[in-house]
file coords_6.pdb (PDB, C-alpha atoms)
ATOM      1  CA  MET D   1       1.274  75.514   3.784
ATOM      2  CA  ALA D   2       0.964  73.079   6.635
ATOM      3  CA  LEU D   3      -2.367  72.848   8.359
ATOM      4  CA  PRO D   4      -2.363  73.461  12.143
ATOM      5  CA  ARG D   5      -2.360  70.248  14.049
ATOM      6  CA  ARG D   6      -5.347  69.545  16.223
ATOM      7  CA  ARG D   7      -4.636  69.783  19.931
ATOM      8  CA  PRO D   8      -4.516  66.259  21.408
ATOM      9  CA  ARG D   9      -7.460  65.450  23.645
ATOM     10  CA  ASP D  10      -6.687  65.342  27.347
ATOM     11  CA  PRO D  11      -7.496  61.820  28.645
ATOM     12  CA  GLU D  12      -8.879  63.410  31.833
ATOM     13  CA  GLY D  13     -11.194  65.717  29.879
ATOM     14  CA  ARG D  14      -9.416  68.995  30.755
ATOM     15  CA  MET D  15      -9.684  71.766  28.147
ATOM     16  CA  PRO D  16      -9.351  75.567  27.974
ATOM     17  CA  LEU D  17     -12.390  77.798  28.450
ATOM     18  CA  ALA D  18     -12.571  78.583  24.721
ATOM     19  CA  ASP D  19     -12.752  74.855  23.925
ATOM     20  CA  HIS D  20     -15.515  74.458  26.522
ATOM     21  CA  LEU D  21     -17.507  77.224  24.818
ATOM     22  CA  ARG D  22     -17.006  75.644  21.396
ATOM     23  CA  GLU D  23     -18.055  72.295  22.858
ATOM     24  CA  LEU D  24     -21.192  73.891  24.329
ATOM     25  CA  ARG D  25     -22.035  75.512  20.976
ATOM     26  CA  ALA D  26     -21.653  72.195  19.165
ATOM     27  CA  ARG D  27     -23.911  70.436  21.686
ATOM     28  CA  ILE D  28     -26.568  73.148  21.376
ATOM     29  CA  VAL D  29     -26.479  72.962  17.565
ATOM     30  CA  LYS D  30     -26.856  69.164  17.587
ATOM     31  CA  SER D  31     -29.735  69.376  20.051
ATOM     32  CA  GLY D  32     -31.392  72.099  17.969
ATOM     33  CA  LEU D  33     -31.140  70.068  14.774
ATOM     34  CA  ALA D  34     -32.623  67.027  16.511
ATOM     35  CA  LEU D  35     -35.444  69.164  17.914
ATOM     36  CA  PHE D  36     -36.133  70.657  14.479
ATOM     37  CA  ALA D  37     -36.298  67.219  12.814
ATOM     38  CA  ALA D  38     -38.525  65.790  15.550
ATOM     39  CA  GLY D  39     -40.690  68.922  15.487
ATOM     40  CA  ALA D  40     -41.219  68.473  11.742
ATOM     41  CA  LEU D  41     -42.494  64.982  12.487
ATOM     42  CA  GLY D  42     -44.698  66.396  15.244
ATOM     43  CA  TRP D  43     -46.259  68.807  12.737
ATOM     44  CA  PHE D  44     -47.746  65.868  10.843
ATOM     45  CA  LEU D  45     -48.808  64.113  14.069
ATOM     46  CA  TYR D  46     -50.804  67.142  15.221
ATOM     47  CA  ASP D  47     -54.292  65.636  14.889
ATOM     48  CA  PRO D  48     -53.706  62.378  16.847
ATOM     49  CA  ALA D  49     -51.628  64.218  19.453
ATOM     50  CA  LEU D  50     -54.319  66.853  19.899
ATOM     51  CA  ALA D  51     -56.968  64.136  20.344
ATOM     52  CA  ILE D  52     -54.872  62.475  23.075
ATOM     53  CA  LEU D  53     -54.228  65.717  24.949
ATOM     54  CA  ARG D  54     -57.864  66.839  24.680
ATOM     55  CA  LYS D  55     -59.259  63.505  25.874
ATOM     56  CA  PRO D  56     -59.362  64.383  29.627
ATOM     57  CA  PHE D  57     -61.173  67.636  28.806
ATOM     58  CA  ASP D  58     -63.582  66.013  26.340
ATOM     59  CA  ASP D  59     -64.334  63.128  28.729
ATOM     60  CA  TYR D  60     -65.147  65.563  31.517
ATOM     61  CA  ALA D  61     -67.410  67.607  29.218
ATOM     62  CA  ALA D  62     -69.217  64.427  28.108
ATOM     63  CA  ALA D  63     -69.735  63.394  31.741
ATOM     64  CA  HIS D  64     -71.322  66.792  32.565
ATOM     65  CA  PRO D  65     -73.868  67.453  29.795
ATOM     66  CA  ASP D  66     -75.661  69.982  32.005
ATOM     67  CA  ARG D  67     -72.676  72.360  31.851
ATOM     68  CA  THR D  68     -71.239  74.326  28.925
ATOM     69  CA  ILE D  69     -67.571  73.328  28.663
ATOM     70  CA  GLU D  70     -65.852  74.183  25.398
ATOM     71  CA  THR D  71     -62.537  75.283  23.913
ATOM     72  CA  THR D  72     -62.263  77.930  21.204
ATOM     73  CA  TYR D  73     -59.832  79.689  18.899
ATOM     74  CA  THR D  74     -59.577  83.451  19.361
ATOM     75  CA  GLY D  75     -57.859  84.733  16.240
ATOM     76  CA  LEU D  76     -57.032  84.183  12.600
ATOM     77  CA  THR D  77     -53.521  82.895  13.301
ATOM     78  CA  SER D  78     -54.244  81.077  16.579
ATOM     79  CA  ALA D  79     -54.813  77.696  14.905
ATOM     80  CA  PHE D  80     -51.464  77.920  13.095
ATOM     81  CA  SER D  81     -49.549  79.052  16.184
ATOM     82  CA  GLN D  82     -51.165  76.309  18.248
ATOM     83  CA  ARG D  83     -50.140  73.665  15.728
ATOM     84  CA  LEU D  84     -46.588  75.018  15.741
ATOM     85  CA  SER D  85     -46.309  75.040  19.536
ATOM     86  CA  LEU D  86     -47.674  71.502  19.788
ATOM     87  CA  ALA D  87     -45.191  70.358  17.124
ATOM     88  CA  ILE D  88     -42.360  71.808  19.228
ATOM     89  CA  PHE D  89     -43.720  70.040  22.315
ATOM     90  CA  LEU D  90     -43.778  66.716  20.467
ATOM     91  CA  GLY D  91     -40.297  67.456  19.144
ATOM     92  CA  VAL D  92     -38.949  67.903  22.678
ATOM     93  CA  ILE D  93     -40.326  64.513  23.702
ATOM     94  CA  VAL D  94     -39.308  62.609  20.566
ATOM     95  CA  SER D  95     -35.794  64.091  20.513
ATOM     96  CA  SER D  96     -35.255  63.610  24.273
ATOM     97  CA  PRO D  97     -32.692  60.780  23.814
ATOM     98  CA  ILE D  98     -30.504  63.112  21.742
ATOM     99  CA  TRP D  99     -30.642  66.305  23.796
ATOM    100  CA  LEU D 100     -30.300  64.397  27.062
ATOM    101  CA  TYR D 101     -27.186  62.721  25.674
ATOM    102  CA  GLN D 102     -25.802  66.082  24.530
ATOM    103  CA  ILE D 103     -26.237  67.532  28.028
ATOM    104  CA  TRP D 104     -24.421  64.599  29.571
ATOM    105  CA  ALA D 105     -21.739  64.535  26.864
ATOM    106  CA  PHE D 106     -20.944  68.160  27.711
ATOM    107  CA  ILE D 107     -20.393  67.177  31.357
ATOM    108  CA  MET D 108     -18.499  63.964  30.631
ATOM    109  CA  PRO D 109     -15.277  65.519  29.237
ATOM    110  CA  GLY D 110     -14.612  66.793  32.760
ATOM    111  CA  LEU D 111     -14.767  63.282  34.199
ATOM    112  CA  THR D 112     -12.062  60.684  34.504
ATOM    113  CA  LYS D 113     -12.277  57.482  32.475
ATOM    114  CA  LYS D 114     -13.350  55.538  35.560
ATOM    115  CA  GLU D 115     -16.055  58.070  36.421
ATOM    116  CA  LYS D 116     -17.318  57.937  32.828
ATOM    117  CA  ARG D 117     -17.706  54.172  33.011
ATOM    118  CA  ILE D 118     -19.628  54.486  36.277
ATOM    119  CA  SER D 119     -21.843  57.282  35.020
ATOM    120  CA  LEU D 120     -22.723  55.751  31.641
ATOM    121  CA  SER D 121     -24.856  53.078  33.293
ATOM    122  CA  PHE D 122     -26.724  55.756  35.227
ATOM    123  CA  ILE D 123     -27.205  58.188  32.344
ATOM    124  CA  GLY D 124     -28.739  55.278  30.463
ATOM    125  CA  ALA D 125     -31.666  55.705  32.845
ATOM    126  CA  ALA D 126     -32.192  59.379  31.910
ATOM    127  CA  VAL D 127     -34.351  58.722  28.853
ATOM    128  CA  PRO D 128     -36.592  56.113  30.579
ATOM    129  CA  LEU D 129     -36.926  58.456  33.562
ATOM    130  CA  PHE D 130     -37.943  61.393  31.368
ATOM    131  CA  LEU D 131     -40.425  59.313  29.399
ATOM    132  CA  GLY D 132     -41.678  57.762  32.643
ATOM    133  CA  GLY D 133     -42.400  61.248  33.960
ATOM    134  CA  VAL D 134     -44.260  62.076  30.764
ATOM    135  CA  PHE D 135     -46.350  58.908  31.134
ATOM    136  CA  MET D 136     -47.048  59.655  34.815
ATOM    137  CA  ALA D 137     -48.234  63.149  33.914
ATOM    138  CA  HIS D 138     -50.505  61.784  31.192
ATOM    139  CA  TYR D 139     -51.921  59.272  33.687
ATOM    140  CA  SER D 140     -52.551  62.023  36.277
ATOM    141  CA  LEU D 141     -53.994  64.537  33.838
ATOM    142  CA  PRO D 142     -57.663  63.418  34.057
ATOM    143  CA  PHE D 143     -57.581  63.859  37.860
ATOM    144  CA  VAL D 144     -56.069  67.338  37.609
ATOM    145  CA  VAL D 145     -58.374  68.539  34.802
ATOM    146  CA  GLY D 146     -61.418  67.218  36.640
ATOM    147  CA  ILE D 147     -60.499  68.922  39.900
ATOM    148  CA  LEU D 148     -59.819  72.267  38.234
ATOM    149  CA  LEU D 149     -63.037  72.198  36.226
ATOM    150  CA  ASP D 150     -65.009  71.293  39.365
ATOM    151  CA  PHE D 151     -64.109  74.675  40.840
ATOM    152  CA  ALA D 152     -66.483  76.369  38.388
ATOM    153  CA  ALA D 153     -69.709  77.415  40.076
ATOM    154  CA  SER D 154     -72.870  75.620  39.071
ATOM    155  CA  GLY D 155     -74.866  77.315  36.357
ATOM    156  CA  THR D 156     -71.789  78.917  34.793
ATOM    157  CA  ALA D 157     -70.118  78.157  31.468
ATOM    158  CA  ASN D 158     -66.443  77.261  31.192
ATOM    159  CA  LEU D 159     -65.155  78.614  27.884
ATOM    160  CA  MET D 160     -61.396  78.628  27.385
ATOM    161  CA  THR D 161     -59.088  79.076  24.461
ATOM    162  CA  LEU D 162     -57.512  75.909  23.138
ATOM    163  CA  SER D 163     -54.100  77.549  23.443
ATOM    164  CA  ASP D 164     -54.602  78.125  27.200
ATOM    165  CA  TYR D 165     -55.647  74.512  27.741
ATOM    166  CA  LEU D 166     -52.802  73.016  25.714
ATOM    167  CA  SER D 167     -50.286  75.396  27.292
ATOM    168  CA  PHE D 168     -51.267  74.102  30.740
ATOM    169  CA  VAL D 169     -51.226  70.456  29.616
ATOM    170  CA  THR D 170     -47.877  70.586  27.808
ATOM    171  CA  ARG D 171     -46.148  72.452  30.642
ATOM    172  CA  PHE D 172     -47.626  69.996  33.134
ATOM    173  CA  ILE D 173     -46.282  67.019  31.166
ATOM    174  CA  LEU D 174     -42.836  68.534  30.623
ATOM    175  CA  ALA D 175     -42.610  69.467  34.315
ATOM    176  CA  PHE D 176     -43.127  65.803  35.226
ATOM    177  CA  GLY D 177     -40.562  64.643  32.682
ATOM    178  CA  ILE D 178     -37.923  67.100  33.860
ATOM    179  CA  ALA D 179     -38.687  66.404  37.533
ATOM    180  CA  PHE D 180     -38.042  62.703  36.974
ATOM    181  CA  LEU D 181     -34.500  63.615  35.870
ATOM    182  CA  LEU D 182     -33.708  64.648  39.447
ATOM    183  CA  PRO D 183     -31.416  61.674  40.232
ATOM    184  CA  VAL D 184     -29.436  62.121  37.015
ATOM    185  CA  PHE D 185     -28.689  65.763  37.773
ATOM    186  CA  LEU D 186     -27.821  65.030  41.413
ATOM    187  CA  VAL D 187     -25.336  62.349  40.402
ATOM    188  CA  GLY D 188     -23.965  64.593  37.655
ATOM    189  CA  LEU D 189     -23.362  67.436  40.147
ATOM    190  CA  ASN D 190     -21.657  64.962  42.444
ATOM    191  CA  LEU D 191     -19.371  63.657  39.697
ATOM    192  CA  ILE D 192     -18.125  67.127  38.800
ATOM    193  CA  GLY D 193     -17.495  67.889  42.477
ATOM    194  CA  ILE D 194     -20.230  70.476  43.088
ATOM    195  CA  LEU D 195     -22.491  68.389  45.351
ATOM    196  CA  PRO D 196     -20.720  65.959  47.724
ATOM    197  CA  ALA D 197     -22.815  63.178  49.222
ATOM    198  CA  ASP D 198     -22.333  64.527  52.770
ATOM    199  CA  ARG D 199     -23.832  67.875  51.844
ATOM    200  CA  LEU D 200     -26.688  66.153  50.034
ATOM    201  CA  ALA D 201     -27.360  63.941  53.067
ATOM    202  CA  LYS D 202     -27.442  66.912  55.446
ATOM    203  CA  GLY D 203     -30.076  68.634  53.338
ATOM    204  CA  TRP D 204     -32.412  65.652  52.879
ATOM    205  CA  ARG D 205     -35.168  67.199  54.999
ATOM    206  CA  ILE D 206     -35.123  70.392  52.932
ATOM    207  CA  ALA D 207     -35.084  68.320  49.735
ATOM    208  CA  VAL D 208     -38.090  66.226  50.798
ATOM    209  CA  PHE D 209     -39.992  69.343  51.830
ATOM    210  CA  ALA D 210     -39.205  71.008  48.494
ATOM    211  CA  ILE D 211     -40.395  67.884  46.654
ATOM    212  CA  LEU D 212     -43.675  67.888  48.582
ATOM    213  CA  VAL D 213     -44.253  71.593  47.896
ATOM    214  CA  PHE D 214     -43.456  71.131  44.205
ATOM    215  CA  SER D 215     -45.789  68.136  44.001
ATOM    216  CA  ALA D 216     -48.592  69.992  45.758
ATOM    217  CA  MET D 217     -48.270  72.828  43.245
ATOM    218  CA  MET D 218     -48.257  70.467  40.273
ATOM    219  CA  MET D 219     -51.112  68.311  41.605
ATOM    220  CA  PRO D 220     -53.788  70.764  42.805
ATOM    221  CA  THR D 221     -56.085  68.156  44.344
ATOM    222  CA  PRO D 222     -57.683  68.065  47.814
ATOM    223  CA  ASP D 223     -56.421  64.581  48.704
ATOM    224  CA  PRO D 224     -52.814  63.481  49.348
ATOM    225  CA  PHE D 225     -53.050  60.434  47.062
ATOM    226  CA  THR D 226     -52.727  62.309  43.800
ATOM    227  CA  MET D 227     -49.994  64.554  45.233
ATOM    228  CA  PHE D 228     -47.917  61.491  46.090
ATOM    229  CA  LEU D 229     -48.241  60.256  42.503
ATOM    230  CA  LEU D 230     -45.394  62.687  41.856
ATOM    231  CA  ALA D 231     -43.871  63.152  45.316
ATOM    232  CA  GLY D 232     -43.459  59.427  46.027
ATOM    233  CA  PRO D 233     -41.276  58.591  43.005
ATOM    234  CA  LEU D 234     -39.256  61.799  43.421
ATOM    235  CA  ILE D 235     -38.463  61.019  47.063
ATOM    236  CA  VAL D 236     -37.384  57.495  46.088
ATOM    237  CA  PHE D 237     -35.253  58.931  43.284
ATOM    238  CA  PHE D 238     -33.642  61.410  45.667
ATOM    239  CA  PHE D 239     -32.513  58.750  48.137
ATOM    240  CA  ALA D 240     -31.417  56.438  45.307
ATOM    241  CA  ALA D 241     -29.262  59.278  43.959
ATOM    242  CA  LEU D 242     -27.918  59.894  47.476
ATOM    243  CA  ALA D 243     -26.854  56.245  47.731
ATOM    244  CA  VAL D 244     -25.101  56.416  44.350
ATOM    245  CA  CYS D 245     -23.342  59.648  45.351
ATOM    246  CA  LYS D 246     -22.050  58.030  48.549
ATOM    247  CA  ILE D 247     -20.628  55.118  46.550
ATOM    248  CA  LEU D 248     -18.952  57.517  44.120
ATOM    249  CA  ASP D 249     -17.467  59.604  46.953
ATOM    250  CA  ARG D 250     -16.040  56.481  48.603
ATOM    251  CA  ARG D 251     -14.396  55.461  45.329
ATOM    252  CA  LYS D 252     -12.977  58.957  44.886
ATOM    253  CA  ALA D 253     -11.552  58.839  48.413
ATOM    254  CA  ALA D 254     -10.019  55.412  47.791
ATOM    255  CA  ASP D 255      -8.314  56.676  44.642
ATOM    256  CA  ARG D 256      -7.010  59.827  46.329
ATOM    257  CA  PRO D 257      -3.199  59.683  46.934
ATOM    258  CA  GLU D 258      -2.262  59.414  50.612
ATOM    259  CA  TRP D 259       0.287  62.233  50.364
ATOM    260  CA  LEU D 260      -2.537  64.706  49.655
ATOM    261  CA  GLU D 261      -3.864  64.050  53.159
ATOM    262  CA  THR D 262      -0.549  64.999  54.795
ATOM    263  CA  ASP D 263      -0.621  68.132  56.942
ATOM    264  CA  ASP D 264       1.204  71.115  55.425
ATOM    265  CA  THR D 265       3.582  71.276  58.430
ATOM    266  CA  GLN D 266       4.661  67.621  58.039
ATOM    267  CA  ALA D 267       6.885  65.939  55.503
ATOM    268  CA  SER D 268       5.048  63.738  53.044
ATOM    269  CA  ALA D 269       6.099  60.299  51.847
ATOM    270  CA  LEU D 270       7.456  61.928  48.693
TER     271      LEU D 270
END
call {"tool": "encode", "arguments": {"input": "coords_6.pdb", "output": "structure tokens"}}
result
Amino acid sequence: MALPRRRPRDPEGRMPLADHLRELRARIVKSGLALFAAGALGWFLYDPALAILRKPFDDYAAAHPDRTIETTYTGLTSAFSQRLSLAIFLGVIVSSPIWLYQIWAFIMPGLTKKEKRISLSFIGAAVPLFLGGVFMAHYSLPFVVGILLDFAASGTANLMTLSDYLSFVTRFILAFGIAFLLPVFLVGLNLIGILPADRLAKGWRIAVFAILVFSAMMMPTPDPFTMFLLAGPLIVFFFAALAVCKILDRRKAADRPEWLETDDTQASAL
């Protein structure tokens, strides 16, 4: 009995919907396996990771000996669940090169060979951008923790569960990392034809305003300096992505056959 021959791969990346769904499933499985392996490593790195994430809180408590500032566990299983959630958080960061590649590899089959060559150099910046956002969040964390703890009235104690504190910190760090991927996603949407450069350019004011609002929410401080720790890089990334999208659109227009521009009522060169 002859085995069915595998369908030849379209050089332009076109495939039926069922193949797209199978491709998506394969990418999700690979990302999940990478996350599981990295999370297992994160399980054993719990103690040093916890010390790093607690440092802003502990430093603030040490600088205010007149106030009661502590974290606690609230249940029998809370320590285990906290260790598990922190292991997953570390797994997301450690496995970021793999799952970021899987996201882009799912988009790339829909691109032409020329577009793939152009985009590979840009996707190579995705991992440094994500890790750069993580580092920026870690750098900003002492400012944010200090400001939030300062809101407590004098003479009061600030007792919080460790899970609440780490939930805020890990979400804060991941939000920075994902936000720093803004230019990669903008260029990716442009390459697959969803977001032309002209439309992106027309909405730059809305984009800048949205970045400022997002940064103000993520950096709850009374001065604009700390807010621009996030907003400044994101605005630069947005306009850098806009410039790349314009270059890509010009190249697409140059490669477009002239007969496609012929009016329907006129005879084409063909």
call {"tool": "atom_distance", "arguments": {"input": "coords_6.pdb", "atom1": "atom CA of D:Tyr139", "atom2": "atom CA of D:Leu229"}}
result
9.6 Å
call {"tool": "resolve_selection", "arguments": {"input": "coords_6.pdb", "expression": "the PyMOL selection byres ((chain D and resi 32) around 12)", "output": "list of chain:residue names"}}
result
D:Arg25, D:Ala26, D:Arg27, D:Ile28, D:Val29, D:Lys30, D:Ser31, D:Leu33, D:Ala34, D:Leu35, D:Phe36, D:Ala37, D:Ala38, D:Gly39, D:Ile88, D:Gly91, D:Val92, D:Ser95, D:Ser96, D:Ile98, D:Trp99, D:Leu100, D:Gln102
call {"tool": "write_last_selection", "arguments": {"input": "coords_6.pdb", "atoms": "C-alpha atoms", "output": "PDB file, in the coordinates of the input"}}
result
ATOM      1  CA  ARG D  25     -22.035  75.512  20.976  1.00  0.00           C
ATOM      2  CA  ALA D  26     -21.653  72.195  19.165  1.00  0.00           C
ATOM      3  CA  ARG D  27     -23.911  70.436  21.686  1.00  0.00           C
ATOM      4  CA  ILE D  28     -26.568  73.148  21.376  1.00  0.00           C
ATOM      5  CA  VAL D  29     -26.479  72.962  17.565  1.00  0.00           C
ATOM      6  CA  LYS D  30     -26.856  69.164  17.587  1.00  0.00           C
ATOM      7  CA  SER D  31     -29.735  69.376  20.051  1.00  0.00           C
ATOM      8  CA  LEU D  33     -31.140  70.068  14.774  1.00  0.00           C
ATOM      9  CA  ALA D  34     -32.623  67.027  16.511  1.00  0.00           C
ATOM     10  CA  LEU D  35     -35.444  69.164  17.914  1.00  0.00           C
ATOM     11  CA  PHE D  36     -36.133  70.657  14.479  1.00  0.00           C
ATOM     12  CA  ALA D  37     -36.298  67.219  12.814  1.00  0.00           C
ATOM     13  CA  ALA D  38     -38.525  65.790  15.550  1.00  0.00           C
ATOM     14  CA  GLY D  39     -40.690  68.922  15.487  1.00  0.00           C
ATOM     15  CA  ILE D  88     -42.360  71.808  19.228  1.00  0.00           C
ATOM     16  CA  GLY D  91     -40.297  67.456  19.144  1.00  0.00           C
ATOM     17  CA  VAL D  92     -38.949  67.903  22.678  1.00  0.00           C
ATOM     18  CA  SER D  95     -35.794  64.091  20.513  1.00  0.00           C
ATOM     19  CA  SER D  96     -35.255  63.610  24.273  1.00  0.00           C
ATOM     20  CA  ILE D  98     -30.504  63.112  21.742  1.00  0.00           C
ATOM     21  CA  TRP D  99     -30.642  66.305  23.796  1.00  0.00           C
ATOM     22  CA  LEU D 100     -30.300  64.397  27.062  1.00  0.00           C
ATOM     23  CA  GLN D 102     -25.802  66.082  24.530  1.00  0.00           C
TER      24      GLN D 102
END
call {"tool": "atom_distance", "arguments": {"input": "coords_6.pdb", "atom1": "atom CA of D:Arg54", "atom2": "atom CA of D:Gly133"}}
result
18.9 Å
call {"tool": "resolve_selection", "arguments": {"input": "coords_6.pdb", "expression": "the PyMOL selection byres ((chain D and resi 218) around 12)", "output": "number ranges by chain"}}
result
D: 137, 140-141, 143-145, 148, 168-169, 171-176, 179, 211-217, 219-221, 226-231
call {"tool": "resolve_selection", "arguments": {"input": "coords_6.pdb", "expression": "the PyMOL selection byres ((chain D and resi 244-255) around 8)", "output": "ChimeraX atom specification"}}
result
/D:187,190-191,196-198,240-243,256-257
call {"tool": "residues_around", "arguments": {"input": "coords_6.pdb", "residues": "D:Trp43", "least_positions_apart": "5", "cutoff": "7 Å", "atoms": "only C-alpha atoms", "output": "PyMOL selection string"}}
result
chain D and resi 83-84+87
